[in-house]
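Containing PDB, C-alpha atoms: protein29.pdb.
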MODEL        1
ATOM      1  CA  MET A1055      19.826  11.881  -8.237  1.00  0.00           C
ATOM      2  CA  LEU A1056      20.906  11.344  -4.626  1.00  0.00           C
ATOM      3  CA  ALA A1057      19.724  14.773  -3.588  1.00  0.00           C
ATOM      4  CA  TYR A1058      16.158  13.717  -4.243  1.00  0.00           C
ATOM      5  CA  ARG A1059      16.590  10.580  -2.228  1.00  0.00           C
ATOM      6  CA  TRP A1060      17.060  12.204   1.151  1.00  0.00           C
ATOM      7  CA  MET A1061      14.724  15.102   0.793  1.00  0.00           C
ATOM      8  CA  PRO A1062      11.134  14.507   1.721  1.00  0.00           C
ATOM      9  CA  SER A1063      10.109  17.097  -0.825  1.00  0.00           C
ATOM     10  CA  PHE A1064       7.712  16.345  -3.648  1.00  0.00           C
ATOM     11  CA  GLN A1065       6.329  18.860  -6.077  1.00  0.00           C
ATOM     12  CA  ARG A1066       3.108  16.886  -6.170  1.00  0.00           C
ATOM     13  CA  HIS A1067       1.901  14.028  -4.023  1.00  0.00           C
ATOM     14  CA  VAL A1068      -0.923  11.899  -5.341  1.00  0.00           C
ATOM     15  CA  PHE A1069      -2.972   9.661  -3.082  1.00  0.00           C
ATOM     16  CA  VAL A1070      -5.040   6.866  -4.605  1.00  0.00           C
ATOM     17  CA  CYS A1071      -7.624   5.217  -2.385  1.00  0.00           C
ATOM     18  CA  ILE A1072      -7.313   1.445  -2.307  1.00  0.00           C
ATOM     19  CA  ASN A1073      -9.603   0.916   0.672  1.00  0.00           C
ATOM     20  CA  GLU A1074     -11.563  -2.328   0.743  1.00  0.00           C
ATOM     21  CA  ARG A1075     -15.039  -2.748   2.228  1.00  0.00           C
ATOM     22  CA  PRO A1076     -17.185  -5.885   2.444  1.00  0.00           C
ATOM     23  CA  ALA A1077     -18.823  -6.805  -0.870  1.00  0.00           C
ATOM     24  CA  ASP A1078     -22.306  -6.051   0.533  1.00  0.00           C
ATOM     25  CA  ASP A1079     -21.423  -2.567   1.816  1.00  0.00           C
ATOM     26  CA  PRO A1080     -23.791  -0.132   0.050  1.00  0.00           C
ATOM     27  CA  LYS A1081     -21.034   2.496  -0.130  1.00  0.00           C
ATOM     28  CA  GLY A1082     -18.920   0.314  -2.366  1.00  0.00           C
ATOM     29  CA  CYS A1083     -15.173   0.771  -2.145  1.00  0.00           C
ATOM     30  CA  CYS A1084     -12.271   1.994  -4.226  1.00  0.00           C
ATOM     31  CA  LYS A1085     -10.468  -1.330  -4.221  1.00  0.00           C
ATOM     32  CA  ALA A1086     -13.387  -3.115  -5.875  1.00  0.00           C
ATOM     33  CA  LYS A1087     -13.609  -0.317  -8.422  1.00  0.00           C
ATOM     34  CA  GLY A1088      -9.958  -0.695  -9.457  1.00  0.00           C
ATOM     35  CA  GLY A1089      -7.950   1.426  -7.009  1.00  0.00           C
ATOM     36  CA  VAL A1090      -4.924  -0.857  -7.079  1.00  0.00           C
ATOM     37  CA  GLU A1091      -4.831  -0.878 -10.865  1.00  0.00           C
ATOM     38  CA  VAL A1092      -5.095   2.917 -11.003  1.00  0.00           C
ATOM     39  CA  ARG A1093      -2.241   3.258  -8.510  1.00  0.00           C
ATOM     40  CA  ASP A1094      -0.082   0.803 -10.457  1.00  0.00           C
ATOM     41  CA  GLN A1095      -0.740   2.622 -13.707  1.00  0.00           C
ATOM     42  CA  LEU A1096       0.081   5.952 -12.092  1.00  0.00           C
ATOM     43  CA  LYS A1097       3.370   4.665 -10.680  1.00  0.00           C
ATOM     44  CA  SER A1098       4.221   3.195 -14.064  1.00  0.00           C
ATOM     45  CA  GLU A1099       3.492   6.434 -15.955  1.00  0.00           C
ATOM     46  CA  LEU A1100       5.540   8.529 -13.512  1.00  0.00           C
ATOM     47  CA  LYS A1101       8.461   6.132 -13.768  1.00  0.00           C
ATOM     48  CA  ALA A1102       8.282   6.067 -17.562  1.00  0.00           C
ATOM     49  CA  ARG A1103       8.631   9.868 -17.635  1.00  0.00           C
ATOM     50  CA  GLY A1104      11.501   9.827 -15.100  1.00  0.00           C
ATOM     51  CA  ILE A1105       9.582  12.021 -12.651  1.00  0.00           C
ATOM     52  CA  SER A1106       8.786   9.541  -9.884  1.00  0.00           C
ATOM     53  CA  LYS A1107      11.085  11.387  -7.458  1.00  0.00           C
ATOM     54  CA  LEU A1108       9.334  14.678  -8.162  1.00  0.00           C
ATOM     55  CA  VAL A1109       5.776  13.412  -8.074  1.00  0.00           C
ATOM     56  CA  ARG A1110       4.985  10.695  -5.557  1.00  0.00           C
ATOM     57  CA  ALA A1111       2.116   8.254  -6.049  1.00  0.00           C
ATOM     58  CA  ASN A1112       0.847   6.723  -2.837  1.00  0.00           C
ATOM     59  CA  ASN A1113      -1.657   4.251  -1.569  1.00  0.00           C
ATOM     60  CA  ALA A1114      -4.200   5.787   0.747  1.00  0.00           C
ATOM     61  CA  GLY A1115      -6.793   4.373   3.068  1.00  0.00           C
ATOM     62  CA  CYS A1116     -10.391   5.567   2.872  1.00  0.00           C
ATOM     63  CA  LEU A1117     -10.590   9.174   1.666  1.00  0.00           C
ATOM     64  CA  ASP A1118     -14.236   9.461   2.748  1.00  0.00           C
ATOM     65  CA  GLN A1119     -15.516   9.766  -0.817  1.00  0.00           C
ATOM     66  CA  CYS A1120     -16.520   6.143  -1.348  1.00  0.00           C
ATOM     67  CA  ALA A1121     -19.398   6.891  -3.707  1.00  0.00           C
ATOM     68  CA  GLN A1122     -16.962   8.688  -6.014  1.00  0.00           C
ATOM     69  CA  GLY A1123     -14.446   5.864  -6.205  1.00  0.00           C
ATOM     70  CA  VAL A1124     -11.870   5.308  -7.464  1.00  0.00           C
ATOM     71  CA  THR A1125     -10.978   8.517  -5.606  1.00  0.00           C
ATOM     72  CA  VAL A1126      -7.680  10.341  -6.137  1.00  0.00           C
ATOM     73  CA  VAL A1127      -6.481  13.526  -4.444  1.00  0.00           C
ATOM     74  CA  VAL A1128      -3.522  15.618  -5.605  1.00  0.00           C
ATOM     75  CA  TYR A1129      -1.576  17.778  -3.130  1.00  0.00           C
ATOM     76  CA  PRO A1130      -0.522  20.482  -2.450  1.00  0.00           C
ATOM     77  CA  GLU A1131      -3.460  21.911  -4.399  1.00  0.00           C
ATOM     78  CA  GLN A1132      -5.996  19.393  -3.037  1.00  0.00           C
ATOM     79  CA  VAL A1133      -7.692  18.621  -6.310  1.00  0.00           C
ATOM     80  CA  TRP A1134     -10.109  15.699  -5.967  1.00  0.00           C
ATOM     81  CA  TYR A1135     -10.832  13.294  -8.783  1.00  0.00           C
ATOM     82  CA  GLY A1136     -13.600  10.729  -8.824  1.00  0.00           C
ATOM     83  CA  HIS A1137     -14.505   7.631 -10.838  1.00  0.00           C
ATOM     84  CA  VAL A1138     -10.926   7.437 -12.054  1.00  0.00           C
ATOM     85  CA  THR A1139     -10.021   4.510 -14.289  1.00  0.00           C
ATOM     86  CA  VAL A1140      -6.734   3.176 -15.609  1.00  0.00           C
ATOM     87  CA  ASP A1141      -7.544   4.837 -18.920  1.00  0.00           C
ATOM     88  CA  ASP A1142      -7.659   8.272 -17.243  1.00  0.00           C
ATOM     89  CA  VAL A1143      -4.208   8.099 -15.689  1.00  0.00           C
ATOM     90  CA  LYS A1144      -2.160   9.287 -18.654  1.00  0.00           C
ATOM     91  CA  GLU A1145      -4.310  12.410 -19.008  1.00  0.00           C
ATOM     92  CA  ILE A1146      -3.993  13.217 -15.288  1.00  0.00           C
ATOM     93  CA  VAL A1147      -0.213  12.837 -15.474  1.00  0.00           C
ATOM     94  CA  ASP A1148       0.281  14.876 -18.635  1.00  0.00           C
ATOM     95  CA  LYS A1149      -2.234  17.629 -18.071  1.00  0.00           C
ATOM     96  CA  HIS A1150      -2.207  18.074 -14.302  1.00  0.00           C
ATOM     97  CA  LEU A1151       0.855  16.524 -12.670  1.00  0.00           C
ATOM     98  CA  VAL A1152       3.204  17.811 -15.364  1.00  0.00           C
ATOM     99  CA  GLY A1153       1.223  20.664 -16.906  1.00  0.00           C
ATOM    100  CA  GLY A1154      -0.461  22.136 -13.828  1.00  0.00           C
ATOM    101  CA  GLU A1155      -3.972  22.101 -15.295  1.00  0.00           C
ATOM    102  CA  PRO A1156      -6.525  19.868 -13.590  1.00  0.00           C
ATOM    103  CA  VAL A1157      -8.566  17.464 -15.700  1.00  0.00           C
ATOM    104  CA  GLU A1158     -11.924  19.169 -15.254  1.00  0.00           C
ATOM    105  CA  ARG A1159     -14.041  16.280 -16.530  1.00  0.00           C
ATOM    106  CA  LEU A1160     -12.804  14.022 -13.718  1.00  0.00           C
ATOM    107  CA  MET A1161     -13.048  16.506 -10.849  1.00  0.00           C
ATOM    108  CA  ILE A1162     -15.482  15.789  -8.028  1.00  0.00           C
ATOM    109  CA  PRO A1163     -18.044  18.645  -7.935  1.00  0.00           C
ATOM    110  CA  ASN A1164     -18.059  21.228  -5.155  1.00  0.00           C
ATOM    111  CA  GLN A1165     -14.453  21.909  -4.179  1.00  0.00           C
ATOM    112  CA  PRO A1166     -14.812  25.311  -2.534  1.00  0.00           C
ATOM    113  CA  HIS A1167     -11.209  25.397  -1.346  1.00  0.00           C
ATOM    114  CA  LEU A1168     -10.020  25.799  -4.947  1.00  0.00           C
ATOM    115  CA  THR A1169      -9.766  29.501  -5.678  1.00  0.00           C
ATOM    116  CA  SER A1170      -7.974  28.817  -8.947  1.00  0.00           C
ATOM    117  CA  HIS A1171      -7.746  25.983 -11.444  1.00  0.00           C
ATOM    118  CA  THR A1172      -4.262  26.898 -12.608  1.00  0.00           C
ATOM    119  CA  PHE A1173      -1.242  25.482 -10.805  1.00  0.00           C
ATOM    120  CA  PRO A1174       2.516  25.520 -11.362  1.00  0.00           C
ATOM    121  CA  LYS A1175       3.957  23.311 -14.064  1.00  0.00           C
ATOM    122  CA  LEU A1176       6.339  20.606 -12.903  1.00  0.00           C
ATOM    123  CA  ARG A1177       9.946  21.793 -12.676  1.00  0.00           C
ATOM    124  CA  VAL A1178      12.096  19.033 -14.104  1.00  0.00           C
ATOM    125  CA  GLU A1179      15.608  20.489 -13.900  1.00  0.00           C
ATOM    126  CA  LYS A1180      18.025  18.465 -11.808  1.00  0.00           C
ATOM    127  CA  PRO A1181      19.455  19.993  -8.621  1.00  0.00           C
ATOM    128  CA  LYS A1182      22.902  21.596  -9.019  1.00  0.00           C
TER     129      LYS A1182
ATOM    130  CA  MET B1019     -22.806  19.421   9.629  1.00  0.00           C
ATOM    131  CA  LEU B1020     -24.095  17.924   6.385  1.00  0.00           C
ATOM    132  CA  ALA B1021     -22.286  20.486   4.291  1.00  0.00           C
ATOM    133  CA  TYR B1022     -18.985  19.004   5.367  1.00  0.00           C
ATOM    134  CA  ARG B1023     -20.128  15.549   4.442  1.00  0.00           C
ATOM    135  CA  TRP B1024     -20.384  16.065   0.731  1.00  0.00           C
ATOM    136  CA  MET B1025     -17.516  18.403   0.206  1.00  0.00           C
ATOM    137  CA  PRO B1026     -14.142  16.820  -0.378  1.00  0.00           C
ATOM    138  CA  SER B1027     -12.517  19.799   1.257  1.00  0.00           C
ATOM    139  CA  PHE B1028     -10.229  19.505   4.250  1.00  0.00           C
ATOM    140  CA  GLN B1029      -8.283  22.347   5.816  1.00  0.00           C
ATOM    141  CA  ARG B1030      -5.543  19.871   6.626  1.00  0.00           C
ATOM    142  CA  HIS B1031      -4.992  16.308   5.512  1.00  0.00           C
ATOM    143  CA  VAL B1032      -2.613  14.173   7.536  1.00  0.00           C
ATOM    144  CA  PHE B1033      -1.134  10.977   6.158  1.00  0.00           C
ATOM    145  CA  VAL B1034       0.378   8.444   8.533  1.00  0.00           C
ATOM    146  CA  CYS B1035       2.513   5.693   7.038  1.00  0.00           C
ATOM    147  CA  ILE B1036       1.432   2.221   8.122  1.00  0.00           C
ATOM    148  CA  ASN B1037       3.478   0.342   5.546  1.00  0.00           C
ATOM    149  CA  GLU B1038       4.745  -3.085   6.547  1.00  0.00           C
ATOM    150  CA  ARG B1039       8.014  -4.637   5.391  1.00  0.00           C
ATOM    151  CA  PRO B1040       9.478  -8.047   6.213  1.00  0.00           C
ATOM    152  CA  ALA B1041      10.994  -8.207   9.705  1.00  0.00           C
ATOM    153  CA  ASP B1042      14.508  -8.638   8.256  1.00  0.00           C
ATOM    154  CA  ASP B1043      14.314  -5.624   5.932  1.00  0.00           C
ATOM    155  CA  PRO B1044      17.169  -3.288   6.932  1.00  0.00           C
ATOM    156  CA  LYS B1045      15.023  -0.237   6.210  1.00  0.00           C
ATOM    157  CA  GLY B1046      12.597  -1.155   8.938  1.00  0.00           C
ATOM    158  CA  CYS B1047       8.998  -0.039   8.468  1.00  0.00           C
ATOM    159  CA  CYS B1048       6.476   2.354   9.956  1.00  0.00           C
ATOM    160  CA  LYS B1049       4.043  -0.378  10.910  1.00  0.00           C
ATOM    161  CA  ALA B1050       6.601  -2.107  13.137  1.00  0.00           C
ATOM    162  CA  LYS B1051       7.446   1.257  14.694  1.00  0.00           C
ATOM    163  CA  GLY B1052       3.835   1.958  15.692  1.00  0.00           C
ATOM    164  CA  GLY B1053       2.216   3.562  12.635  1.00  0.00           C
ATOM    165  CA  VAL B1054      -1.196   2.066  13.306  1.00  0.00           C
ATOM    166  CA  GLU B1055      -1.175   3.257  16.906  1.00  0.00           C
ATOM    167  CA  VAL B1056      -0.140   6.778  15.850  1.00  0.00           C
ATOM    168  CA  ARG B1057      -2.952   6.885  13.298  1.00  0.00           C
ATOM    169  CA  ASP B1058      -5.493   5.649  15.840  1.00  0.00           C
ATOM    170  CA  GLN B1059      -4.391   8.218  18.383  1.00  0.00           C
ATOM    171  CA  LEU B1060      -4.575  10.976  15.770  1.00  0.00           C
ATOM    172  CA  LYS B1061      -8.106  10.004  14.730  1.00  0.00           C
ATOM    173  CA  SER B1062      -9.114   9.858  18.364  1.00  0.00           C
ATOM    174  CA  GLU B1063      -7.698  13.310  19.169  1.00  0.00           C
ATOM    175  CA  LEU B1064      -9.351  14.909  16.141  1.00  0.00           C
ATOM    176  CA  LYS B1065     -12.697  13.342  17.040  1.00  0.00           C
ATOM    177  CA  ALA B1066     -12.402  14.439  20.673  1.00  0.00           C
ATOM    178  CA  ARG B1067     -11.971  18.059  19.518  1.00  0.00           C
ATOM    179  CA  GLY B1068     -14.878  17.809  17.041  1.00  0.00           C
ATOM    180  CA  ILE B1069     -12.640  18.691  14.085  1.00  0.00           C
ATOM    181  CA  SER B1070     -12.455  15.375  12.270  1.00  0.00           C
ATOM    182  CA  LYS B1071     -14.418  16.778   9.314  1.00  0.00           C
ATOM    183  CA  LEU B1072     -12.013  19.703   8.995  1.00  0.00           C
ATOM    184  CA  VAL B1073      -8.777  17.776   9.427  1.00  0.00           C
ATOM    185  CA  ARG B1074      -8.638  14.316   7.924  1.00  0.00           C
ATOM    186  CA  ALA B1075      -6.311  11.615   9.242  1.00  0.00           C
ATOM    187  CA  ASN B1076      -5.477   8.940   6.718  1.00  0.00           C
ATOM    188  CA  ASN B1077      -3.555   5.734   6.369  1.00  0.00           C
ATOM    189  CA  ALA B1078      -0.838   5.928   3.783  1.00  0.00           C
ATOM    190  CA  GLY B1079       1.340   3.361   2.098  1.00  0.00           C
ATOM    191  CA  CYS B1080       5.112   3.814   2.028  1.00  0.00           C
ATOM    192  CA  LEU B1081       6.063   7.512   2.040  1.00  0.00           C
ATOM    193  CA  ASP B1082       9.664   6.699   1.045  1.00  0.00           C
ATOM    194  CA  GLN B1083      11.106   7.833   4.379  1.00  0.00           C
ATOM    195  CA  CYS B1084      11.362   4.437   6.047  1.00  0.00           C
ATOM    196  CA  ALA B1085      14.420   5.290   8.153  1.00  0.00           C
ATOM    197  CA  GLN B1086      12.470   8.190   9.686  1.00  0.00           C
ATOM    198  CA  GLY B1087       9.426   6.144  10.660  1.00  0.00           C
ATOM    199  CA  VAL B1088       6.835   6.529  11.961  1.00  0.00           C
ATOM    200  CA  THR B1089       6.561   9.088   9.173  1.00  0.00           C
ATOM    201  CA  VAL B1090       3.708  11.606   8.991  1.00  0.00           C
ATOM    202  CA  VAL B1091       3.121  14.281   6.343  1.00  0.00           C
ATOM    203  CA  VAL B1092       0.692  17.177   6.696  1.00  0.00           C
ATOM    204  CA  TYR B1093      -0.864  18.805   3.626  1.00  0.00           C
ATOM    205  CA  PRO B1094      -1.372  21.308   2.100  1.00  0.00           C
ATOM    206  CA  GLU B1095       1.852  22.664   3.590  1.00  0.00           C
ATOM    207  CA  GLN B1096       3.777  19.385   3.147  1.00  0.00           C
ATOM    208  CA  VAL B1097       5.402  19.360   6.550  1.00  0.00           C
ATOM    209  CA  TRP B1098       7.160  16.064   7.222  1.00  0.00           C
ATOM    210  CA  TYR B1099       7.486  14.559  10.677  1.00  0.00           C
ATOM    211  CA  GLY B1100       9.680  11.620  11.621  1.00  0.00           C
ATOM    212  CA  HIS B1101      10.013   9.216  14.531  1.00  0.00           C
ATOM    213  CA  VAL B1102       6.504  10.122  15.628  1.00  0.00           C
ATOM    214  CA  THR B1103       5.110   8.288  18.626  1.00  0.00           C
ATOM    215  CA  VAL B1104       1.669   8.122  20.194  1.00  0.00           C
ATOM    216  CA  ASP B1105       2.899  10.553  22.840  1.00  0.00           C
ATOM    217  CA  ASP B1106       3.649  13.197  20.179  1.00  0.00           C
ATOM    218  CA  VAL B1107       0.183  13.239  18.650  1.00  0.00           C
ATOM    219  CA  LYS B1108      -1.498  15.676  21.025  1.00  0.00           C
ATOM    220  CA  GLU B1109       1.241  18.256  20.444  1.00  0.00           C
ATOM    221  CA  ILE B1110       0.988  17.897  16.657  1.00  0.00           C
ATOM    222  CA  VAL B1111      -2.783  18.372  16.827  1.00  0.00           C
ATOM    223  CA  ASP B1112      -2.766  21.340  19.187  1.00  0.00           C
ATOM    224  CA  LYS B1113       0.226  23.209  17.860  1.00  0.00           C
ATOM    225  CA  HIS B1114       0.175  22.466  14.139  1.00  0.00           C
ATOM    226  CA  LEU B1115      -3.177  21.127  12.977  1.00  0.00           C
ATOM    227  CA  VAL B1116      -5.136  23.637  15.057  1.00  0.00           C
ATOM    228  CA  GLY B1117      -2.585  26.367  15.689  1.00  0.00           C
ATOM    229  CA  GLY B1118      -0.730  26.435  12.357  1.00  0.00           C
ATOM    230  CA  GLU B1119       2.742  26.150  13.877  1.00  0.00           C
ATOM    231  CA  PRO B1120       4.750  23.024  13.029  1.00  0.00           C
ATOM    232  CA  VAL B1121       6.333  21.044  15.855  1.00  0.00           C
ATOM    233  CA  GLU B1122       9.937  21.815  14.998  1.00  0.00           C
ATOM    234  CA  ARG B1123      11.483  19.119  17.193  1.00  0.00           C
ATOM    235  CA  LEU B1124       9.716  16.383  15.193  1.00  0.00           C
ATOM    236  CA  MET B1125      10.357  17.738  11.707  1.00  0.00           C
ATOM    237  CA  ILE B1126      12.505  15.697   9.339  1.00  0.00           C
ATOM    238  CA  PRO B1127      15.585  17.796   8.430  1.00  0.00           C
ATOM    239  CA  ASN B1128      16.035  19.317   4.990  1.00  0.00           C
ATOM    240  CA  GLN B1129      12.601  20.363   3.740  1.00  0.00           C
ATOM    241  CA  PRO B1130      13.588  22.938   1.115  1.00  0.00           C
ATOM    242  CA  HIS B1131      10.026  23.370  -0.161  1.00  0.00           C
ATOM    243  CA  LEU B1132       9.064  25.120   3.096  1.00  0.00           C
ATOM    244  CA  THR B1133       9.584  28.840   2.605  1.00  0.00           C
ATOM    245  CA  SER B1134       7.806  29.597   5.870  1.00  0.00           C
ATOM    246  CA  HIS B1135       7.093  27.778   9.114  1.00  0.00           C
ATOM    247  CA  THR B1136       3.902  29.696   9.842  1.00  0.00           C
ATOM    248  CA  PHE B1137       0.605  28.430   8.471  1.00  0.00           C
ATOM    249  CA  PRO B1138      -3.047  29.404   8.875  1.00  0.00           C
ATOM    250  CA  LYS B1139      -4.808  28.473  12.071  1.00  0.00           C
ATOM    251  CA  LEU B1140      -7.723  26.081  11.736  1.00  0.00           C
ATOM    252  CA  ARG B1141     -11.018  27.840  11.026  1.00  0.00           C
ATOM    253  CA  VAL B1142     -13.642  26.153  13.157  1.00  0.00           C
ATOM    254  CA  GLU B1143     -16.782  28.164  12.402  1.00  0.00           C
ATOM    255  CA  LYS B1144     -19.635  26.137  10.962  1.00  0.00           C
ATOM    256  CA  PRO B1145     -20.782  26.864   7.388  1.00  0.00           C
ATOM    257  CA  LYS B1146     -23.793  29.204   7.137  1.00  0.00           C
TER     258      LYS B1146
ENDMDL
END

Represent the structure of the file as structure tokens.
Amino acid sequence: MLAYRWMPSFQRHVFVCINERPADDPKGCCKAKGGVEVRDQLKSELKARGISKLVRANNAGCLDQCAQGVTVVVYPEQVWYGHVTVDDVKEIVDKHLVGGEPVERLMIPNQPHLTSHTFPKLRVEKPK
Amino acid sequence: MLAYRWMPSFQRHVFVCINERPADDPKGCCKAKGGVEVRDQLKSELKARGISKLVRANNAGCLDQCAQGVTVVVYPEQVWYGHVTVDDVKEIVDKHLVGGEPVERLMIPNQPHLTSHTFPKLRVEKPK
């Protein structure tokens, strides 16, 4: 597994907004909506499948989609998810991060950069 | 400019690690090495060029490259930069984020996912 360790090379990189705003901010914020719990669940699911060196889950600051929080963005395809809850994480991992198919019901509308909704499946073979 | 506002669609998305570790952690951390200052400078440069809605600069938690800090990763191409300082930011913006050519001297070695080092230039026309 050492080869993974020193390569900054992820097949997918998932950023979960955990930004906090004051309680009276009309935008709301992802932290208050459960961003930390979503991130923790995502890290846990990736670890459980043994793919946490292939798919990285990261904290992110404000992703500028506060009204859609908890907001999650998956690179390199730049698929945006909104209103994500802990209960959605397993489906995102299985269907999208492993299977390459975005979870349509959670996607934020209007993502004109996406010319396709089919992406590569995760390659899980170990390096030689 | 409103069209940008509601589309979660960036041409490039730059994540700057600002993770903090205890002062005695042998890994060191990006915050102690100037992560916050690099992020601030990046946001400032993008704003000065009027492209902050096309290229998003974000805080990130630990990117798992602590020894290379300050660590920066640019998506969608997933180009990793290490040991980034405030003085490097202008070059990254001009050459890579606008011009599509990575700044080779700052790249972390061993990025096998990069099959090319030439990427699209930023498109700056306004939406019709």

Kindly provide, as a VMD selection string, the residues of chain B having any atom no farther than 10 Å from an atom of chain A, counting all atoms listed in the file.
-> chain B and resid 1023 to 1031 1033 to 1037 1071 1074 to 1083 1091 to 1099 1126 to 1132

Would you save the residues from that selection as a PDB file, keeping the file's coordinate frame, using C-alpha atoms?
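Below you can see selection.pdb, which holds the result:
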ATOM      1  CA  ARG B1023     -20.128  15.549   4.442  1.00  0.00           C
ATOM      2  CA  TRP B1024     -20.384  16.065   0.731  1.00  0.00           C
ATOM      3  CA  MET B1025     -17.516  18.403   0.206  1.00  0.00           C
ATOM      4  CA  PRO B1026     -14.142  16.820  -0.378  1.00  0.00           C
ATOM      5  CA  SER B1027     -12.517  19.799   1.257  1.00  0.00           C
ATOM      6  CA  PHE B1028     -10.229  19.505   4.250  1.00  0.00           C
ATOM      7  CA  GLN B1029      -8.283  22.347   5.816  1.00  0.00           C
ATOM      8  CA  ARG B1030      -5.543  19.871   6.626  1.00  0.00           C
ATOM      9  CA  HIS B1031      -4.992  16.308   5.512  1.00  0.00           C
ATOM     10  CA  PHE B1033      -1.134  10.977   6.158  1.00  0.00           C
ATOM     11  CA  VAL B1034       0.378   8.444   8.533  1.00  0.00           C
ATOM     12  CA  CYS B1035       2.513   5.693   7.038  1.00  0.00           C
ATOM     13  CA  ILE B1036       1.432   2.221   8.122  1.00  0.00           C
ATOM     14  CA  ASN B1037       3.478   0.342   5.546  1.00  0.00           C
ATOM     15  CA  LYS B1071     -14.418  16.778   9.314  1.00  0.00           C
ATOM     16  CA  ARG B1074      -8.638  14.316   7.924  1.00  0.00           C
ATOM     17  CA  ALA B1075      -6.311  11.615   9.242  1.00  0.00           C
ATOM     18  CA  ASN B1076      -5.477   8.940   6.718  1.00  0.00           C
ATOM     19  CA  ASN B1077      -3.555   5.734   6.369  1.00  0.00           C
ATOM     20  CA  ALA B1078      -0.838   5.928   3.783  1.00  0.00           C
ATOM     21  CA  GLY B1079       1.340   3.361   2.098  1.00  0.00           C
ATOM     22  CA  CYS B1080       5.112   3.814   2.028  1.00  0.00           C
ATOM     23  CA  LEU B1081       6.063   7.512   2.040  1.00  0.00           C
ATOM     24  CA  ASP B1082       9.664   6.699   1.045  1.00  0.00           C
ATOM     25  CA  GLN B1083      11.106   7.833   4.379  1.00  0.00           C
ATOM     26  CA  VAL B1091       3.121  14.281   6.343  1.00  0.00           C
ATOM     27  CA  VAL B1092       0.692  17.177   6.696  1.00  0.00           C
ATOM     28  CA  TYR B1093      -0.864  18.805   3.626  1.00  0.00           C
ATOM     29  CA  PRO B1094      -1.372  21.308   2.100  1.00  0.00           C
ATOM     30  CA  GLU B1095       1.852  22.664   3.590  1.00  0.00           C
ATOM     31  CA  GLN B1096       3.777  19.385   3.147  1.00  0.00           C
ATOM     32  CA  VAL B1097       5.402  19.360   6.550  1.00  0.00           C
ATOM     33  CA  TRP B1098       7.160  16.064   7.222  1.00  0.00           C
ATOM     34  CA  TYR B1099       7.486  14.559  10.677  1.00  0.00           C
ATOM     35  CA  ILE B1126      12.505  15.697   9.339  1.00  0.00           C
ATOM     36  CA  PRO B1127      15.585  17.796   8.430  1.00  0.00           C
ATOM     37  CA  ASN B1128      16.035  19.317   4.990  1.00  0.00           C
ATOM     38  CA  GLN B1129      12.601  20.363   3.740  1.00  0.00           C
ATOM     39  CA  PRO B1130      13.588  22.938   1.115  1.00  0.00           C
ATOM     40  CA  HIS B1131      10.026  23.370  -0.161  1.00  0.00           C
ATOM     41  CA  LEU B1132       9.064  25.120   3.096  1.00  0.00           C
TER      42      LEU B1132
END

Can you pull out every residue within 8 Å of stretch 1079-1092 of chain A, counting only C-alpha atoms, but drop anything in the same chain fewer than 5 positions away, and send it as a list in words?
-> Val1070, Cys1071, Ile1072, Asn1073, Glu1074, Cys1120, Ala1121, Gly1123, Val1124, Thr1125, Val1138, Thr1139, Val1140 and Val1143 of chain A

Provide the atom CA of B:Glu1119 to atom CA of B:Ile1069 distance in Å, to one decimal place.
->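 Going from atom CA of B:Glu1119 over to atom CA of B:Ile1069, I get 17.1 Å.
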
note - atom CA of A:Arg1075 and atom CA of B:Gly1068 are separated by 25.3 Å

Quick one: distance from atom CA of B:Arg1057 to atom CA of B:Asp1105 in Å, one decimal?
->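 Distance between the two atoms: 11.8 Å.
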